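Q: Quick one: the structure is below, questions incoming.
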Amino acid sequence: MSSDIKEIPTKPFDGQKPGTSGLRKRVKVFEQEHYTENFVQAILDSIPAQGGAKGATLVVGGDGRYFSVPAIQIILRIAAGNGVSKLIIGHQGILSTPAASNIIRKYKATGGILLTASHNPGGPNADFGIKYNVQNGGPAPENVTNSIYGRTKSITSYKVLDAPPVDLSKIGDQTYGPLKVTIIDSVADYVELLRSIFDFGLIKSFLHSTPSFKVLFDGLHGVTGPYAKAILLGELGLPRDSIQNFEPSPNFGGGHPDPNLTYAHSLVEVVEKNNIQFGAASDGDGDRNMIYGKGAFVTPSDSVAIIADWADSIPYFKGGVKGLARSMPTSAAIDYVAEAKGYEVFEVPTGWKFFGNLMDAGRLSICGEESFGTGSDHIREKDGIWAVIAWLNIIAAANQTNKGWGINEILLDHYQKYGRSFFSRYDYEEVSSEGAQALIDNLDKLFADPSFISSSYNAKSVSESFTVAKVTNFTYTDPIDNSVSKNQGHILQFTDGSRVVFRLSGTGSQGATVRFYIERYSKDPAQYERPTAEGLKGLIEVALAITKLPEFLGRSEPTVITVSGVLSSRLVCHLCANPIYPQ
C-alpha cells in the first residue's frame with residue numbers, strides 16, 4: 001500500500017503559531033482545505049527525536065469535541081505517509097489530557113497529538129485545538145512550538161496515505177498501510193495509575209460508613225465522565241446519582257466545559273439544593289477541576305496548598321515531597337506550607353511546561369495554577385480527576401481522627417494553621433485585542449514612570465487606601481535549563497503584602513482574554529470567615545483606579561469571576577454586587 005502514498009501540494013496559512021496549549025481556532029478555520037493537514041505535517045516535521053517522524057510512536061486522542069474524528073483520520077493518513085511506525089489511539093478518539101500524558105510515559109511513546117481546546121466551548125461554530133506533547137508526557141516546550149510554527153510558514157506539501165478511514169470503535173491492533181494502529185481502552189490505564197497513587201480502600205470505607213456524606217461529580221459533558229464513572233462508581237462503589245453530565249458530547253451538551261462558578265452552575269445548583277457535602281467538576285479535556293461543597297468553594301490556590309499540607313495521607317507521597325510550586329498569579333497559600341514543612345518552593349510563569357522541567361529534575365512533587373489546574377509528578381499535565389480523588393483521600397484521612405469533617409472544616413483548619421489568602425480572579429473574555437494591548441502598553445508606561453508609586457490614583461475615589469511598594473513585570477529564569485521567560489505579567493505589590501496582577505491569556509480562540517488577579521493575606525483569625533467580597537473590595541477599587549482597566553477594555557464587569565474559599569452560600573461579584581451562583 002506504500003504506492004498509495006501521495007504528496008499533496010499546499011501553501012502556508014497565516015497565524016498557525018501554537019502556544020503551550022497548542023493551536024486553537026474556530027472549527028471553521030480547521031475545516032479549511034489543507035489547514036489541518038498543514039499543521040499536522042508541521043508537527044511531524046518538528047518531532048524532537050532522531051529521525052523525526054520516521055519510526056515514531058505517537059499517542060492520539062482528545063476531548064471528543066466536534067471535528068475530532070475527521071482530524072484523527074487526517075492524522076492517520078499523514079502519519080502513514082510520513083513513516084510513523086505506530087499510533088496508539090483512544091477508543092472512539094477519546095483520551096483525557098492527563099490520560100494521554102500517562103500513556104505517552106507508560107508506553108514510552110515518542111510523543112502525542114492531543115485534539116482539544118480544553119475548557120473552551122465545542123461545536124461546529126465553536127473551538128477546536130491541536131497540541132503536541134513530547135516524550136515526557138508534557139506540553140511541547142517553546143523550542144518545539146517555534147519549530148512547528150516555522151515549518152507552517154514554509155510548507156509546500158504534505159504526504160498522505162490514500163486509504164479508507166480507520167474504525168476507531170474497534171479496540172485492538174489494526175494495520176493501515178505501513179502504519180500499526182492500536183485502539184486502546186480510554187480509561188483502563190488511567191484507573192490503574194490512580195489505584196497506585198491513592199488509598200482507595202480508605203476512601204471507600206469512609207464513604208460507605210458515612211452515608212450522610214454525599215458526593216456529586218459533574219463531567220460537564222466533557223471527557224472525564226467515563227473516568228469518573230469507572231472510579232467513583234466502579235472502584236469506590238458510589239451510587240449512580242453521584243455523577244451527572246458524564247456522557248462526552250461534541251458540543252459539551254451546549255454548555256461551556258469550564259469548571260468555575262459561572263459555567264459549572266449545573267453542579268453548584270444541585271449541590272446547594274440537595275445539601276451535598278462534596279461536589280466536583282472537570283473541564284472539557286480533563287486537566288482542570290473545581291471543588292465545591294454546600295456553602296464552600298475551594299479556590300485552586302487553597303486546594304493545592306491543602307493537598308500539599310495533607311500529602312502524607314496519600315500513599316504516593318509516603319516517601320516524601322520533593323518540592324512545591326505555583327504559577328506566579330496563583331496566591332501564595334502554598335508558600336506558607338512549604339515554609340512550615342521545609343520544602344523547596346518555586347514560582348513559575350503560567351504554563352504547565354515550567355513545572356515539567358522541575359519534575360524531570362526531581363525537584364517538584366505537587367504544583368498548581370489558579371486557573372483550576374492542580375497536579376503532581378505522576379504525569380506531566382495538570383489532572384482534574386487526580387485532584388478530586390486527592391480531596392476524597394484527604395477527607396477520608398481527616399475523618400479518622402476528626403469525625404464529621406468536610407470541606408469547610410478542612411478550609412478553616414488550614415487558615416488557622418497558615419493564615420488566609422483572600423484571592424480572586426476576574427476574566428475579561430473575548431475583548432478587543434487592540435483594547436487589551438492598549439491596557440498592557442499603558443501598564444508598561446506606568447511602571448516605567450518613577451512618579452508612578454506616589455501619584456497613581458486619587459485616594460478620595462476609593463473606600464480604602466493602599467500604598468504601592470513596587471511594580472514589576474515578572475521574569476523567570478528556569479533553574480534547570482537557565483532559559484529566561486520575560487513579560488509574564490504585571491505585578492503591583494503593596495506595602496501590606498497585598499498584590500494585584502494583570503496578564504494576557506493565550507487560551508482563547510479569538511479576540512483577547514485579560515486576567516486580573518487580586519490577593520490579600522491575613523493572619524487575623526477574626527478575618528478567616530469574612531466574605532471575600534469584603535476582604536478585597538478596597539484593593540480592587542485601587543487596582544482599577546490605577547490601571548483604568550474598564551476604560552481600555554470597554555467592560556464594566558468581568559465575564560467570569562473566581563473567588564477564594566467561601567464559608568457561606570452566597571457569592572457576590574466584588575465590582576457590581578450582583579450574585580453569582582448559587583443565587
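Chain labels run A, B, ... following the order of the C-alpha cells; each chain numbers its residues from 1, and ligands are numbered from 1 in the order shown.
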Would you list the contacts of stretch 173-179 of chain A as a PyMOL selection string, taking every protein, DNA or RNA residue within 9 Å and counting only C-alpha atoms, but skipping same-chain residues closer than 3 positions in sequence?

A: chain A and resi 1-2+4+76-77+79-81+83-87+161+163+166-167+170+182-184

Q: Would you put the residues from that selection into a file with N, CA and C atoms, as an mmCIF file, in the first residue's frame?

A:
```cif
data_model
loop_
_atom_site.group_PDB
_atom_site.id
_atom_site.type_symbol
_atom_site.label_atom_id
_atom_site.label_comp_id
_atom_site.auth_asym_id
_atom_site.auth_seq_id
_atom_site.Cartn_x
_atom_site.Cartn_y
_atom_site.Cartn_z
ATOM 1 N N MET A 1 0.819 -1.204 0.000
ATOM 2 C CA MET A 1 0.000 0.000 0.000
ATOM 3 C C MET A 1 0.858 1.261 0.000
ATOM 4 N N SER A 2 2.199 1.074 0.121
ATOM 5 C CA SER A 2 3.064 2.250 0.144
ATOM 6 C C SER A 2 2.986 3.035 -1.156
ATOM 7 N N ASP A 4 0.401 3.917 -2.481
ATOM 8 C CA ASP A 4 -0.734 4.824 -2.364
ATOM 9 C C ASP A 4 -0.413 6.086 -1.579
ATOM 10 N N LEU A 76 -4.059 10.064 10.870
ATOM 11 C CA LEU A 76 -3.752 8.706 10.421
ATOM 12 C C LEU A 76 -3.145 8.708 9.020
ATOM 13 N N ARG A 77 -3.763 9.440 8.096
ATOM 14 C CA ARG A 77 -3.283 9.447 6.711
ATOM 15 C C ARG A 77 -1.894 10.076 6.607
ATOM 16 N N ALA A 79 0.338 10.474 9.138
ATOM 17 C CA ALA A 79 1.312 9.660 9.872
ATOM 18 C C ALA A 79 1.786 8.498 9.008
ATOM 19 N N ALA A 80 0.851 7.834 8.339
ATOM 20 C CA ALA A 80 1.223 6.728 7.455
ATOM 21 C C ALA A 80 2.068 7.220 6.291
ATOM 22 N N GLY A 81 1.787 8.414 5.808
ATOM 23 C CA GLY A 81 2.537 8.968 4.696
ATOM 24 C C GLY A 81 3.931 9.422 5.052
ATOM 25 N N GLY A 83 5.983 7.854 7.478
ATOM 26 C CA GLY A 83 6.843 6.827 8.058
ATOM 27 C C GLY A 83 6.710 6.633 9.546
ATOM 28 N N VAL A 84 5.648 7.179 10.182
ATOM 29 C CA VAL A 84 5.410 6.899 11.595
ATOM 30 C C VAL A 84 5.196 5.401 11.751
ATOM 31 N N SER A 85 5.771 4.818 12.799
ATOM 32 C CA SER A 85 5.694 3.379 12.987
ATOM 33 C C SER A 85 4.375 2.937 13.605
ATOM 34 N N LYS A 86 3.898 3.695 14.626
ATOM 35 C CA LYS A 86 2.724 3.236 15.375
ATOM 36 C C LYS A 86 1.947 4.409 15.932
ATOM 37 N N LEU A 87 0.620 4.289 15.896
ATOM 38 C CA LEU A 87 -0.267 5.229 16.580
ATOM 39 C C LEU A 87 -1.049 4.472 17.646
ATOM 40 N N LEU A 161 -1.392 8.900 3.090
ATOM 41 C CA LEU A 161 -1.749 7.587 2.556
ATOM 42 C C LEU A 161 -3.179 7.668 2.056
ATOM 43 N N ALA A 163 -6.197 5.997 1.635
ATOM 44 C CA ALA A 163 -6.818 4.763 2.118
ATOM 45 C C ALA A 163 -8.109 5.097 2.843
ATOM 46 N N VAL A 166 -10.030 4.561 9.317
ATOM 47 C CA VAL A 166 -9.824 3.506 10.304
ATOM 48 C C VAL A 166 -11.042 3.452 11.233
ATOM 49 N N ASP A 167 -11.428 2.249 11.640
ATOM 50 C CA ASP A 167 -12.538 2.060 12.561
ATOM 51 C C ASP A 167 -12.054 2.342 13.986
ATOM 52 N N LYS A 170 -13.141 -0.118 17.252
ATOM 53 C CA LYS A 170 -12.656 -1.497 17.384
ATOM 54 C C LYS A 170 -11.369 -1.524 18.196
ATOM 55 N N THR A 182 -3.085 0.904 17.145
ATOM 56 C CA THR A 182 -3.644 0.219 18.306
ATOM 57 C C THR A 182 -4.701 1.102 18.945
ATOM 58 N N ILE A 183 -5.939 0.618 18.929
ATOM 59 C CA ILE A 183 -7.033 1.315 19.597
ATOM 60 C C ILE A 183 -7.131 0.763 21.018
ATOM 61 N N ILE A 184 -6.999 1.638 22.019
ATOM 62 C CA ILE A 184 -6.969 1.184 23.409
ATOM 63 C C ILE A 184 -8.190 1.660 24.183
#
```

Q: Counting only C-alpha atoms, what is within 9 Å of A:Ala543, bar same-chain residues fewer than 6 positions away, as a PDB file with C-alpha atoms, in the first residue's frame?

A:
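Produced file selection04.pdb, reproduced below:
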```
ATOM      1  CA  TYR A 457      -4.530  57.210  41.957  1.00  0.00           C
ATOM      2  CA  LEU A 492       1.596  45.764  41.688  1.00  0.00           C
ATOM      3  CA  VAL A 500      -2.613  42.585  42.009  1.00  0.00           C
ATOM      4  CA  ILE A 518      -6.208  40.119  43.435  1.00  0.00           C
ATOM      5  CA  LEU A 549      -8.953  48.750  33.034  1.00  0.00           C
TER       6      LEU A 549
END
```

Q: Please determine, counting only C-alpha atoms, which residue among A:Ala398, A:Val181, A:Ala311, A:Val191 has the shortest atom-to-atom distance to A:Thr224.

A: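 Using only C-alpha atoms, the shortest distance to A:Thr224 belongs to A:Val191.
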
Q: Could you pull out all residues of stretch 196-335 of chain A with a DSSP call of alpha helix (DSSP H) and give them as a ChimeraX atom specification?

A: /A:200-209,225-228,265-273,300-309,333-335

Q: Take the residues from that selection and write them out as a compact mmCIF listing (two decimals), in the first residue's frame, keeping C-alpha atoms.

A:
```txt
# COMPACT_ATOMS: atom_id res chain seq x y z
CA PHE A 200 -8.98 3.60 47.54
CA GLY A 201 -9.67 1.28 50.45
CA LEU A 202 -9.65 4.16 52.96
CA ILE A 203 -11.83 6.34 50.73
CA LYS A 204 -14.33 3.56 50.08
CA SER A 205 -14.52 2.67 53.78
CA PHE A 206 -15.21 6.30 54.71
CA LEU A 207 -17.85 6.83 52.04
CA HIS A 208 -19.72 3.64 52.86
CA SER A 209 -19.54 4.15 56.63
CA GLY A 225 -17.37 11.40 32.52
CA PRO A 226 -16.18 7.87 31.67
CA TYR A 227 -13.21 8.24 34.03
CA ALA A 228 -15.42 9.42 36.91
CA HIS A 265 -23.64 26.16 37.67
CA SER A 266 -25.20 22.76 36.89
CA LEU A 267 -23.04 21.39 39.73
CA VAL A 268 -23.39 24.33 42.12
CA GLU A 269 -27.17 24.45 41.89
CA VAL A 270 -27.61 20.73 42.63
CA VAL A 271 -25.05 20.79 45.45
CA GLU A 272 -26.86 23.67 47.15
CA LYS A 273 -30.36 22.30 46.53
CA PRO A 300 -7.44 26.33 43.26
CA SER A 301 -4.82 28.30 45.21
CA ASP A 302 -6.13 26.93 48.50
CA SER A 303 -6.71 23.49 47.00
CA VAL A 304 -3.10 22.86 46.00
CA ALA A 305 -1.89 24.21 49.36
CA ILE A 306 -4.20 21.87 51.27
CA ILE A 307 -3.18 18.87 49.14
CA ALA A 308 0.47 19.72 49.86
CA ASP A 309 -0.25 20.03 53.58
CA ALA A 333 -1.01 29.90 50.08
CA ILE A 334 1.27 27.01 49.10
CA ASP A 335 4.36 29.07 50.01
```

Q: Between A:Thr547, A:Ala264, A:Lys523, A:Gly435, which has the minimum distance to A:Gly511 (counting only C-alpha atoms)?

A: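 Once distances to A:Gly511 are computed over only C-alpha atoms, the minimum belongs to A:Gly435.
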
Q: Show me, as a JSON list (two decimals) with N, CA and C atoms, in the first residue's frame, the residues that have an atom within 9 Å of A:Ile291 when counting only C-alpha atoms, minus same-chain residues fewer than 3 positions from it.

A:
```json
[["chain", "number", "residue", "atom", "x", "y", "z"],
["A", 259, "PRO", "N", -14.73, 24.47, 34.59],
["A", 259, "PRO", "CA", -15.18, 24.24, 35.96],
["A", 259, "PRO", "C", -14.96, 25.44, 36.87],
["A", 278, "PHE", "N", -19.86, 17.13, 49.18],
["A", 278, "PHE", "CA", -18.67, 17.18, 48.31],
["A", 278, "PHE", "C", -19.09, 17.15, 46.85],
["A", 279, "GLY", "N", -18.84, 18.26, 46.17],
["A", 279, "GLY", "CA", -19.10, 18.33, 44.74],
["A", 279, "GLY", "C", -17.82, 18.63, 43.99],
["A", 280, "ALA", "N", -17.73, 18.20, 42.75],
["A", 280, "ALA", "CA", -16.55, 18.46, 41.94],
["A", 280, "ALA", "C", -16.93, 18.47, 40.47],
["A", 281, "ALA", "N", -16.15, 19.19, 39.69],
["A", 281, "ALA", "CA", -16.36, 19.23, 38.25],
["A", 281, "ALA", "C", -15.01, 19.27, 37.56],
["A", 296, "ALA", "N", -19.42, 26.03, 50.31],
["A", 296, "ALA", "CA", -17.96, 26.09, 50.41],
["A", 296, "ALA", "C", -17.32, 25.88, 49.05],
["A", 297, "PHE", "N", -16.70, 26.92, 48.54],
["A", 297, "PHE", "CA", -15.94, 26.82, 47.29],
["A", 297, "PHE", "C", -14.46, 26.88, 47.64],
["A", 298, "VAL", "N", -13.68, 25.96, 47.07],
["A", 298, "VAL", "CA", -12.24, 25.93, 47.32],
["A", 298, "VAL", "C", -11.52, 26.53, 46.13],
["A", 299, "THR", "N", -10.87, 27.68, 46.34],
["A", 299, "THR", "CA", -10.08, 28.24, 45.26],
["A", 299, "THR", "C", -8.97, 27.27, 44.90],
["A", 300, "PRO", "N", -8.57, 27.19, 43.63],
["A", 300, "PRO", "CA", -7.44, 26.33, 43.26],
["A", 300, "PRO", "C", -6.17, 26.65, 44.04],
["A", 303, "SER", "N", -6.65, 24.94, 47.23],
["A", 303, "SER", "CA", -6.71, 23.49, 47.00],
["A", 303, "SER", "C", -5.33, 22.87, 46.94],
["A", 387, "ALA", "N", -7.03, 15.49, 41.26],
["A", 387, "ALA", "CA", -7.30, 16.45, 42.33],
["A", 387, "ALA", "C", -8.56, 16.09, 43.09],
["A", 388, "VAL", "N", -9.59, 15.63, 42.38],
["A", 388, "VAL", "CA", -10.84, 15.24, 43.03],
["A", 388, "VAL", "C", -10.61, 14.07, 43.98],
["A", 391, "TRP", "N", -8.70, 15.01, 47.12],
["A", 391, "TRP", "CA", -9.56, 15.62, 48.15],
["A", 391, "TRP", "C", -10.36, 14.56, 48.90],
["A", 407, "ILE", "N", -15.41, 19.84, 53.66],
["A", 407, "ILE", "CA", -14.63, 20.89, 53.00],
["A", 407, "ILE", "C", -14.46, 22.11, 53.91]]
```

Q: Which of these, A:Phe317, A:Asn357, A:Thr116, A:Asp312, has the shortest distance to A:Val60 once you count only C-alpha atoms?

A: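 Ranking A:Phe317, A:Asn357, A:Thr116, A:Asp312 by distance to A:Val60, first place goes to A:Thr116.
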
Q: Can you pull out every residue within 8 Å of stretch 27-40 of chain A, counting only C-alpha atoms, but drop anything in the same chain fewer than 5 positions away, and send it as a list in words?

A: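 Here the answer would be Thr10, Pro12, Phe13, Gln16, Tyr66, Phe67, Ala71, Ile74, Ile75, Ile78, Gly123, Pro124, Asn125, Ala126, Asp127, Phe128, Ile148, Thr152, Ile155, Ser157 and Tyr158 of chain A.
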
Q: Give me the residues of stretch 286-405 of chain A that have any atom at most 12 Å from an atom of stretch 234-242 of chain A; for each, the nearest atom pair and the distance in Å, rounded to one decimal. Use only C-alpha atoms, sort by chain and number, and format it as a Markdown table.

A:
```
| residue | atom | partner | partner_atom | distance |
| --- | --- | --- | --- | --- |
| A:Ile389 | CA | A:Leu236 | CA | 10.4 |
| A:Leu392 | CA | A:Leu236 | CA | 10.7 |
| A:Asn393 | CA | A:Leu236 | CA | 11.5 |
```

Q: So that I can check the secondary structure, give me every residue of stretch 160-212 of chain A assigned strand (DSSP E or B) by backbone DSSP, as a list in words.

A: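 The strand (DSSP E or B) subset of stretch 160-212 of chain A is Val160, Leu161, Gly172, Asp173, Gln174, Thr175, Tyr176, Leu179, Lys180, Val181, Thr182, Ile183 and Ile184 of chain A.
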
Q: Could you tell me how far atom CA of A:Ile72 lies from atom CA of A:Gly93, in Å and to one decimal?

A: 7.2 Å

Q: Between atom CA of A:Lys318 and atom CA of A:Ile385, what distance in Å does the model show, to one decimal?

A: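 Rounded to one decimal, the two atoms are 20.4 Å apart.
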
Q: Go ahead and compute the interatomic distance for atom CA of A:Leu216 and atom CA of A:Ile394, in Å to one decimal.

A: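 Spanning atom CA of A:Leu216 to atom CA of A:Ile394 is a straight-line distance of 16.7 Å.
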
Q: Using only C-alpha atoms for the distances, tell me which of A:Lys11, A:Leu44, A:Ser432, A:Gly406 is nearest to A:Gly554.

A: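 The shortest atom-to-atom distance to A:Gly554 comes from A:Ser432.
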
Q: Counting only C-alpha atoms, which residue out of A:Ile103, A:Ala230, A:Leu536, A:Ala56 sits closest to A:Phe423?

A: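 Once distances to A:Phe423 are computed over only C-alpha atoms, the minimum belongs to A:Leu536.
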